[in-house]
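Visitor: Have a look at this one.
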Amino acid sequence: MGTNEFPRGFTFGVATAAYQVEGHIENDWSEWERQGKCKDPNHRCGRSVDHWNRFDHDVQLAKEVGSGAFRISLEWARIEPVRGQVDAAAVDQYRQRLLRMKAAGIRPVVTLHHFTHPQWFHRETPWHEPSSVVEFRRYARICAQILRGLDALVITFNEPMVLLLGGYIQGVIPPGIADGNKAMLALGNIARSHVAAREELLRESGKCEIGISQNMLAFRPDRWWHPLDRALTRLAFDNYNHAFHRALTDGELRIQMPGLASTRQRIEGGRDSVDFMGINYYTRAHLRFVPKPPFLEFQYRDIHGRGLTDIGWEDYSEGFSHLLVELHHKYGKPIWVTENGIDDRQGQRRPQFLYNHWSQMLSAVRQGADVRGYLYWSLMDNFEWLEGWGPRFGLYAVDFETLERRPTPACHYFRRVAQSGVLVEPEQVSEPMKSEDSMPTVAPSTVAL
Ligand code: BGC
């Protein structure tokens, strides 16, 4: 393997999440928006980018950029809109779609839980109650049937720490709770739900690989000389990046954030309950101690003068290789990059961003990390949670009025590297990407649930 070659069998692909793209989903987030709780209180996900009706077309777009894998999520609120009542048509739709994706030569990567819940969930069986595990197991059993025989890469939970911080500590996303004790109970139950889902998947789905996607940040003390900033940085690495991974590898959930939250819980069946380590990597945060709760502040700083990304995050590819190598040393398992991407509203920075991150990923591979795949976030622009319709992470830009998808300049670069498995610099790739007009046309599915 040359220094700029990806390992044999390495998979490039793209990632999405149901609520952000499908459209017309009624769940806890649609309620949240209606209550005006997004940054812009007028933003609604609504029809989103209508992926539900353009699924086959979007699969073709993924193929066009050389994807060997496509990450989608199943929407619990579609599958079980009323507690205990399964919508058979929705289940069948997901199954048929994934079969078609597979037939198109793309490996399904399927997330069971990507931040959203049916509206009954927080009222009836919230995460801090043990009943949540029972409910999630039942949902996972249905998902396992959808995934039967597909040899999917399955992600039970996307970014549990983000859900926890936003939803249970800061209370800024659903369910909007700000209670450290409930947060710790919730995190334990999420870990148990992963174990329960794994049991269902192993029983029902046949061959599949199971893991989670963990948002991992590069952290740095804001004042390198300040002992408390340094202590916070160590705590953040350990608690934010690794506590949940550890719960699913050694079977104990340990959180120790003085003044914020702490817990020590055994997770029955948690030991060695993932087949791969999933990492979502975006940026680095600078941490500073402040003498009042929550005792820390974080900021994104443009240390290298590259310019923050449009969402205001540091463009810091160097942190990527460190985290990958660290994952390798700590857990010794295969690694999947389940998200990495940039909000680049003009679409000009993305090729260089990809090059920088892929270089760092190759550097980690040379240092021994067994990285199996890279999924770009996202295939196309979509609804960005609290930020609504501002950010544009897509390889394809979406006109939010007409819903037309147009390739950004990164598309042909992505395809070139994905198809050849050889990293070249963006300037070395000049072939223009076909415009959407010449893309394979696939009639949107007319199925409406
Ligand atoms: C989430 C995505 C989100 C992306 C960009 C990740 O944390 O999994 O849903 O769109 O970051 O903010």
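Chains: A, B, ... in order of the structure tokens. Residues: from 1 per chain. Ligands: from 1, in order shown.
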Would you pick out the contacts of range 313-316 of chain A at 10 Å or less, using only C-alpha atoms, so that residues sharing its chain but fewer than 4 positions from it are not included, and give the list as a tab-separated table (two decimals) with N, CA, C and O atoms, in the first residue's frame?
Guide:
```
chain	number	residue	atom	x	y	z
A	218	ALA	N	-11.84	17.16	19.26
A	218	ALA	CA	-10.49	17.44	19.74
A	218	ALA	C	-10.68	18.55	20.78
A	218	ALA	O	-11.39	19.51	20.52
A	281	TYR	N	-16.57	13.05	13.38
A	281	TYR	CA	-15.58	14.08	13.72
A	281	TYR	C	-15.81	15.35	12.92
A	281	TYR	O	-15.89	15.32	11.69
A	282	TYR	N	-15.87	16.48	13.62
A	282	TYR	CA	-16.07	17.77	12.95
A	282	TYR	C	-15.05	18.84	13.30
A	282	TYR	O	-14.64	19.61	12.46
A	283	THR	N	-14.65	18.90	14.59
A	283	THR	CA	-13.91	20.11	14.97
A	283	THR	C	-13.19	19.95	16.30
A	283	THR	O	-13.17	18.88	16.90
A	284	ARG	N	-12.62	21.06	16.73
A	284	ARG	CA	-11.95	21.11	18.04
A	284	ARG	C	-12.61	22.20	18.88
A	284	ARG	O	-13.02	23.25	18.37
A	285	ALA	N	-12.68	21.95	20.18
A	285	ALA	CA	-13.24	22.96	21.09
A	285	ALA	C	-12.17	23.37	22.10
A	285	ALA	O	-11.42	22.53	22.60
A	286	HIS	N	-12.10	24.66	22.39
A	286	HIS	CA	-11.22	25.18	23.44
A	286	HIS	C	-12.02	25.31	24.72
A	286	HIS	O	-13.09	25.93	24.72
A	299	GLN	N	-15.27	27.28	23.21
A	299	GLN	CA	-15.26	28.19	22.06
A	299	GLN	C	-14.54	27.51	20.92
A	299	GLN	O	-13.68	26.67	21.14
A	300	TYR	N	-14.91	27.93	19.71
A	300	TYR	CA	-14.16	27.48	18.53
A	300	TYR	C	-13.24	28.62	18.13
A	300	TYR	O	-13.71	29.74	17.94
A	301	ARG	N	-11.97	28.32	18.02
A	301	ARG	CA	-11.01	29.38	17.69
A	301	ARG	C	-10.32	29.08	16.37
A	301	ARG	O	-10.02	27.93	16.08
A	302	ASP	N	-10.05	30.14	15.63
A	302	ASP	CA	-9.41	29.97	14.33
A	302	ASP	C	-7.90	30.07	14.48
A	302	ASP	O	-7.27	30.98	13.94
A	303	ILE	N	-7.31	29.13	15.20
A	303	ILE	CA	-5.89	29.20	15.54
A	303	ILE	C	-5.00	29.27	14.30
A	303	ILE	O	-4.00	29.97	14.28
A	304	HIS	N	-5.35	28.53	13.26
A	304	HIS	CA	-4.47	28.44	12.09
A	304	HIS	C	-4.78	29.48	11.02
A	304	HIS	O	-4.19	29.46	9.95
A	305	GLY	N	-5.74	30.34	11.28
A	305	GLY	CA	-6.08	31.36	10.29
A	305	GLY	C	-6.70	30.78	9.02
A	305	GLY	O	-6.59	31.37	7.94
A	306	ARG	N	-7.35	29.62	9.15
A	306	ARG	CA	-7.98	29.03	7.96
A	306	ARG	C	-9.38	29.60	7.76
A	306	ARG	O	-10.02	29.37	6.76
A	307	GLY	N	-9.85	30.31	8.79
A	307	GLY	CA	-11.23	30.77	8.76
A	307	GLY	C	-12.13	29.71	9.37
A	307	GLY	O	-12.01	28.53	9.02
A	308	LEU	N	-12.99	30.12	10.30
A	308	LEU	CA	-13.95	29.15	10.84
A	308	LEU	C	-14.86	28.70	9.71
A	308	LEU	O	-15.01	29.39	8.71
A	309	THR	N	-15.48	27.54	9.86
A	309	THR	CA	-16.43	27.11	8.84
A	309	THR	C	-17.69	27.97	8.98
A	309	THR	O	-17.83	28.71	9.95
A	320	PHE	N	-8.20	14.89	13.86
A	320	PHE	CA	-8.83	13.67	13.37
A	320	PHE	C	-7.90	12.47	13.52
A	320	PHE	O	-8.27	11.44	14.08
A	342	ILE	N	-18.34	19.50	6.29
A	342	ILE	CA	-18.19	20.95	6.52
A	342	ILE	C	-19.42	21.70	6.03
A	342	ILE	O	-19.97	21.40	4.96
A	343	ASP	N	-19.83	22.67	6.85
A	343	ASP	CA	-20.86	23.62	6.42
A	343	ASP	C	-20.14	24.67	5.59
A	343	ASP	O	-19.41	25.52	6.13
A	353	PHE	N	-11.04	20.65	2.36
A	353	PHE	CA	-11.43	20.07	3.66
A	353	PHE	C	-11.34	18.54	3.57
A	353	PHE	O	-10.79	17.88	4.45
A	356	ASN	N	-7.67	17.40	3.36
A	356	ASN	CA	-6.99	17.49	4.67
A	356	ASN	C	-7.42	16.36	5.60
A	356	ASN	O	-6.59	15.74	6.27
A	357	HIS	N	-8.71	16.09	5.63
A	357	HIS	CA	-9.19	15.05	6.55
A	357	HIS	C	-8.81	13.66	6.07
A	357	HIS	O	-8.47	12.79	6.88
```
Visitor: I'd like a table as a Markdown table: residues in chain A with an atom no more than 7 Å from ligand 1, each row giving the shortest atom pair and its distance in Å to one decimal, only C-alpha atoms and all ligand atoms counted, sorted by chain and rising residue number.
Guide:
```
| residue | atom | partner | partner_atom_place_in_ligand_line | distance |
| --- | --- | --- | --- | --- |
| A:Ala17 | CA | ligand 1 | 9 (O) | 6.3 |
| A:His114 | CA | ligand 1 | 8 (O) | 6.9 |
| A:Asn158 | CA | ligand 1 | 8 (O) | 6.2 |
| A:Glu159 | CA | ligand 1 | 8 (O) | 6.4 |
| A:Asn215 | CA | ligand 1 | 7 (O) | 6.3 |
| A:Asn280 | CA | ligand 1 | 6 (C) | 6.9 |
| A:Trp377 | CA | ligand 1 | 4 (C) | 6.9 |
| A:Glu384 | CA | ligand 1 | 10 (O) | 5.2 |
| A:Trp385 | CA | ligand 1 | 10 (O) | 6.9 |
```
Visitor: List every residue of range 57-219 of chain A that DSSP, applied to the backbone, labels as strand (DSSP E), and write the result as a ChimeraX atom specification.
Guide: /A:69-73,107-113,153-158,209-219
Visitor: Pull N, CA, C and O atoms from the residues just selected and write them as a tab-separated table (two decimals), in the first residue's frame.
Guide:
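Final output, selection.tsv:
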```tsv
chain	number	residue	atom	x	y	z
A	69	ALA	N	-21.30	2.79	0.29
A	69	ALA	CA	-22.16	2.67	1.45
A	69	ALA	C	-22.98	3.95	1.57
A	69	ALA	O	-22.53	5.02	1.16
A	70	PHE	N	-24.17	3.81	2.14
A	70	PHE	CA	-25.07	4.96	2.28
A	70	PHE	C	-25.71	4.84	3.66
A	70	PHE	O	-26.38	3.85	3.94
A	71	ARG	N	-25.48	5.83	4.49
A	71	ARG	CA	-26.05	5.81	5.84
A	71	ARG	C	-27.39	6.55	5.86
A	71	ARG	O	-27.45	7.72	5.49
A	72	ILE	N	-28.41	5.81	6.25
A	72	ILE	CA	-29.72	6.44	6.46
A	72	ILE	C	-30.13	6.13	7.90
A	72	ILE	O	-29.46	5.34	8.58
A	73	SER	N	-31.22	6.73	8.35
A	73	SER	CA	-31.74	6.26	9.64
A	73	SER	C	-33.19	5.89	9.49
A	73	SER	O	-33.87	6.35	8.56
A	107	ARG	N	-23.87	-0.66	0.14
A	107	ARG	CA	-24.11	-1.30	1.44
A	107	ARG	C	-24.91	-0.37	2.35
A	107	ARG	O	-24.51	0.77	2.60
A	108	PRO	N	-26.02	-0.86	2.87
A	108	PRO	CA	-26.79	-0.02	3.80
A	108	PRO	C	-26.08	0.14	5.15
A	108	PRO	O	-25.61	-0.83	5.74
A	109	VAL	N	-25.99	1.38	5.57
A	109	VAL	CA	-25.55	1.69	6.93
A	109	VAL	C	-26.79	2.29	7.58
A	109	VAL	O	-27.32	3.29	7.10
A	110	VAL	N	-27.27	1.67	8.63
A	110	VAL	CA	-28.60	2.04	9.12
A	110	VAL	C	-28.55	2.40	10.60
A	110	VAL	O	-28.13	1.61	11.45
A	111	THR	N	-28.97	3.63	10.88
A	111	THR	CA	-29.04	4.10	12.27
A	111	THR	C	-30.46	3.85	12.80
A	111	THR	O	-31.43	4.19	12.12
A	112	LEU	N	-30.56	3.28	13.97
A	112	LEU	CA	-31.90	3.05	14.53
A	112	LEU	C	-32.42	4.30	15.24
A	112	LEU	O	-33.62	4.53	15.28
A	113	HIS	N	-31.51	5.07	15.80
A	113	HIS	CA	-31.93	6.22	16.60
A	113	HIS	C	-31.00	7.40	16.30
A	113	HIS	O	-29.83	7.37	16.67
A	153	LEU	N	-24.37	-2.36	8.06
A	153	LEU	CA	-23.63	-1.84	9.20
A	153	LEU	C	-24.69	-1.11	10.02
A	153	LEU	O	-25.36	-0.21	9.51
A	154	VAL	N	-24.88	-1.53	11.26
A	154	VAL	CA	-25.98	-0.97	12.04
A	154	VAL	C	-25.45	-0.09	13.17
A	154	VAL	O	-24.58	-0.51	13.95
A	155	ILE	N	-26.00	1.10	13.23
A	155	ILE	CA	-25.65	2.04	14.31
A	155	ILE	C	-26.87	2.15	15.19
A	155	ILE	O	-27.92	2.64	14.75
A	156	THR	N	-26.80	1.64	16.40
A	156	THR	CA	-28.00	1.68	17.25
A	156	THR	C	-28.31	3.12	17.64
A	156	THR	O	-29.44	3.56	17.52
A	157	PHE	N	-27.30	3.87	18.10
A	157	PHE	CA	-27.52	5.24	18.54
A	157	PHE	C	-26.53	6.19	17.89
A	157	PHE	O	-25.33	5.90	17.84
A	158	ASN	N	-27.05	7.31	17.43
A	158	ASN	CA	-26.19	8.38	16.96
A	158	ASN	C	-25.92	9.35	18.11
A	158	ASN	O	-26.85	9.87	18.73
A	209	GLU	N	-23.03	-5.90	11.21
A	209	GLU	CA	-22.04	-5.39	12.18
A	209	GLU	C	-22.72	-4.29	12.97
A	209	GLU	O	-23.39	-3.43	12.39
A	210	ILE	N	-22.50	-4.29	14.27
A	210	ILE	CA	-23.28	-3.40	15.14
A	210	ILE	C	-22.36	-2.48	15.95
A	210	ILE	O	-21.37	-2.94	16.54
A	211	GLY	N	-22.72	-1.22	15.98
A	211	GLY	CA	-21.94	-0.27	16.79
A	211	GLY	C	-22.76	0.97	17.07
A	211	GLY	O	-23.98	0.97	16.92
A	212	ILE	N	-22.09	2.02	17.50
A	212	ILE	CA	-22.74	3.32	17.68
A	212	ILE	C	-21.92	4.38	16.95
A	212	ILE	O	-20.78	4.10	16.53
A	213	SER	N	-22.48	5.57	16.80
A	213	SER	CA	-21.72	6.71	16.28
A	213	SER	C	-21.49	7.66	17.43
A	213	SER	O	-22.46	8.14	18.04
A	214	GLN	N	-20.24	7.92	17.71
A	214	GLN	CA	-19.93	8.79	18.84
A	214	GLN	C	-19.34	10.10	18.33
A	214	GLN	O	-18.38	10.08	17.57
A	215	ASN	N	-19.97	11.21	18.70
A	215	ASN	CA	-19.38	12.50	18.36
A	215	ASN	C	-18.12	12.66	19.18
A	215	ASN	O	-18.16	12.61	20.41
A	216	MET	N	-16.98	12.83	18.52
A	216	MET	CA	-15.72	13.01	19.26
A	216	MET	C	-15.09	14.33	18.85
A	216	MET	O	-15.00	14.65	17.66
A	217	LEU	N	-14.67	15.07	19.83
A	217	LEU	CA	-14.08	16.38	19.59
A	217	LEU	C	-12.62	16.36	19.96
A	217	LEU	O	-12.21	15.64	20.89
A	218	ALA	N	-11.84	17.16	19.26
A	218	ALA	CA	-10.49	17.44	19.74
A	218	ALA	C	-10.68	18.55	20.78
A	218	ALA	O	-11.39	19.51	20.52
A	219	PHE	N	-10.11	18.39	21.95
A	219	PHE	CA	-10.24	19.42	22.99
A	219	PHE	C	-8.89	20.05	23.27
A	219	PHE	O	-7.85	19.40	23.14
```
Visitor: If we count only C-alpha atoms and set the cut-off at 8 Å, which residues sit around range 20-37 of chain A, ignoring sequence neighbours fewer than 5 positions away in its own chain? Please answer as a list in words.
Guide: Asn42, His43, Arg44, Cys45, Gly46, Arg47, Ser48, Val49, Asp50, His51, Trp52, Asn53, Ala77, Arg78, Thr116, His117, Pro118, Gln119, Val172, Ile173, Pro174, Pro175, Asn382, Phe383, Glu384, Trp385 and Leu386 of chain A
Visitor: With only C-alpha atoms as the atoms that count, which of A:Ile146, A:Phe393, A:Lys63, A:Leu228 lies nearest to Ala89 in chain A?
Guide: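 The closest residue to Ala89 in chain A is A:Ile146.
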Visitor: Give me, as a PyMOL selection string, all polymer residues having an atom no more than 9 Å from Asp229 in chain A, counting only C-alpha atoms and skipping those fewer than 5 positions away in the same chain.
Guide: chain A and resi 220-224+234+286-289+296
Visitor: Nearest to Gly347 in chain A among A:Asn4, A:Ser317, A:Ser193, A:Thr408, with distances taken over only C-alpha atoms: which residue is it?
Guide: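 Checking each of A:Asn4, A:Ser317, A:Ser193, A:Thr408 against Gly347 in chain A, counting only C-alpha atoms, the winner is A:Thr408.
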Visitor: Please indicate the distance in Å from CA of His329 in chain A to CA of Trp358 in chain A, rounded to one decimal place.
Guide: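 Straight-line distance from CA of His329 in chain A to CA of Trp358 in chain A works out to 19.8 Å.
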Visitor: Go through A:Met277, A:Val162, A:Ala191, A:Leu201 one by one, measure the shortest atom-to-atom distance of each to Gly149 in chain A using only C-alpha atoms, and give the residue with the smallest value.
Guide: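 The shortest atom-to-atom distance to Gly149 in chain A comes from A:Leu201.
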Visitor: Can you list, as an MDAnalysis selection string, every protein, DNA or RNA residue that comes within 10 Å of Ala104 in chain A when you count only C-alpha atoms, leaving out same-chain residues fewer than 3 positions away?
Guide: chainID A and resid 56 59:60 63 68 98:101 107
Visitor: For Pro293 in chain A, which residue among A:Ala236, A:Gln170, A:Val274, A:Arg405 is the nearest when counting only C-alpha atoms?
Guide: A:Gln170
Visitor: Quick one: DSSP alpha helix (DSSP H) residues in range 126-229 of chain A, as a PyMOL selection string?
Guide: chain A and resi 131-146+160-164+180-204+227-229
Visitor: From the list A:Gln348, A:Thr16, A:Gln93, A:Ser205, which residue is nearest Ala144 in chain A when using only C-alpha atoms?
Guide: A:Ser205
Visitor: Please determine, counting only C-alpha atoms, which residue among A:Leu327, A:Ile311, A:Leu395, A:Ala364 has the shortest atom-to-atom distance to Thr249 in chain A.
Guide: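 Among the listed residues, the smallest separation from Thr249 in chain A belongs to A:Leu327.
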Visitor: Please, what distance in Å, to one decimal, runs between CA of Tyr19 in chain A and CA of Lys207 in chain A?
Guide: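 Going from CA of Tyr19 in chain A over to CA of Lys207 in chain A covers 27.0 Å.
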Visitor: Which residues are close to range 424-431 of chain A, i.e. within 12 Å by only C-alpha atoms, leaving aside same-chain residues fewer than 2 positions away? Reply as a PyMOL selection string.
Guide: chain A and resi 3-6+348-359+362+409-422+433-434
Visitor: Keeping only C-alpha atoms, write those residues as an mmCIF file, in the first residue's frame.
Guide:
```
data_model
loop_
_atom_site.group_PDB
_atom_site.id
_atom_site.type_symbol
_atom_site.label_atom_id
_atom_site.label_comp_id
_atom_site.auth_asym_id
_atom_site.auth_seq_id
_atom_site.Cartn_x
_atom_site.Cartn_y
_atom_site.Cartn_z
ATOM 1 C CA THR A 3 1.365 6.246 1.346
ATOM 2 C CA ASN A 4 -1.508 7.860 -0.524
ATOM 3 C CA GLU A 5 -3.502 4.669 -1.049
ATOM 4 C CA PHE A 6 -6.451 3.661 1.073
ATOM 5 C CA GLN A 348 -15.604 26.228 -2.429
ATOM 6 C CA ARG A 349 -13.770 24.977 0.669
ATOM 7 C CA ARG A 350 -15.095 21.444 0.720
ATOM 8 C CA PRO A 351 -12.560 19.756 -1.627
ATOM 9 C CA GLN A 352 -9.612 21.001 0.436
ATOM 10 C CA PHE A 353 -11.427 20.069 3.661
ATOM 11 C CA LEU A 354 -11.828 16.532 2.316
ATOM 12 C CA TYR A 355 -8.203 16.348 1.246
ATOM 13 C CA ASN A 356 -6.990 17.487 4.665
ATOM 14 C CA HIS A 357 -9.192 15.050 6.553
ATOM 15 C CA TRP A 358 -8.416 12.148 4.255
ATOM 16 C CA SER A 359 -4.688 12.843 4.641
ATOM 17 C CA LEU A 362 -4.366 7.909 6.029
ATOM 18 C CA PRO A 409 -17.416 21.309 -6.724
ATOM 19 C CA ALA A 410 -16.526 18.580 -4.202
ATOM 20 C CA CYS A 411 -18.556 15.919 -6.027
ATOM 21 C CA HIS A 412 -16.110 15.074 -8.789
ATOM 22 C CA TYR A 413 -13.200 15.167 -6.378
ATOM 23 C CA PHE A 414 -14.992 12.834 -4.001
ATOM 24 C CA ARG A 415 -15.802 10.442 -6.834
ATOM 25 C CA ARG A 416 -12.243 10.412 -8.122
ATOM 26 C CA VAL A 417 -10.777 9.476 -4.736
ATOM 27 C CA ALA A 418 -13.610 7.102 -3.807
ATOM 28 C CA GLN A 419 -13.342 5.199 -7.060
ATOM 29 C CA SER A 420 -9.560 5.009 -7.270
ATOM 30 C CA GLY A 421 -8.824 4.545 -3.566
ATOM 31 C CA VAL A 422 -5.878 6.885 -4.071
ATOM 32 C CA MET A 433 -19.046 16.808 -12.572
ATOM 33 C CA LYS A 434 -22.057 16.073 -14.700
#
```
Visitor: Can you work out the spacing between CA of Arg97 in chain A and CA of Glu64 in chain A in Å, to one decimal?
Guide: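 Between CA of Arg97 in chain A and CA of Glu64 in chain A the gap is 17.9 Å.
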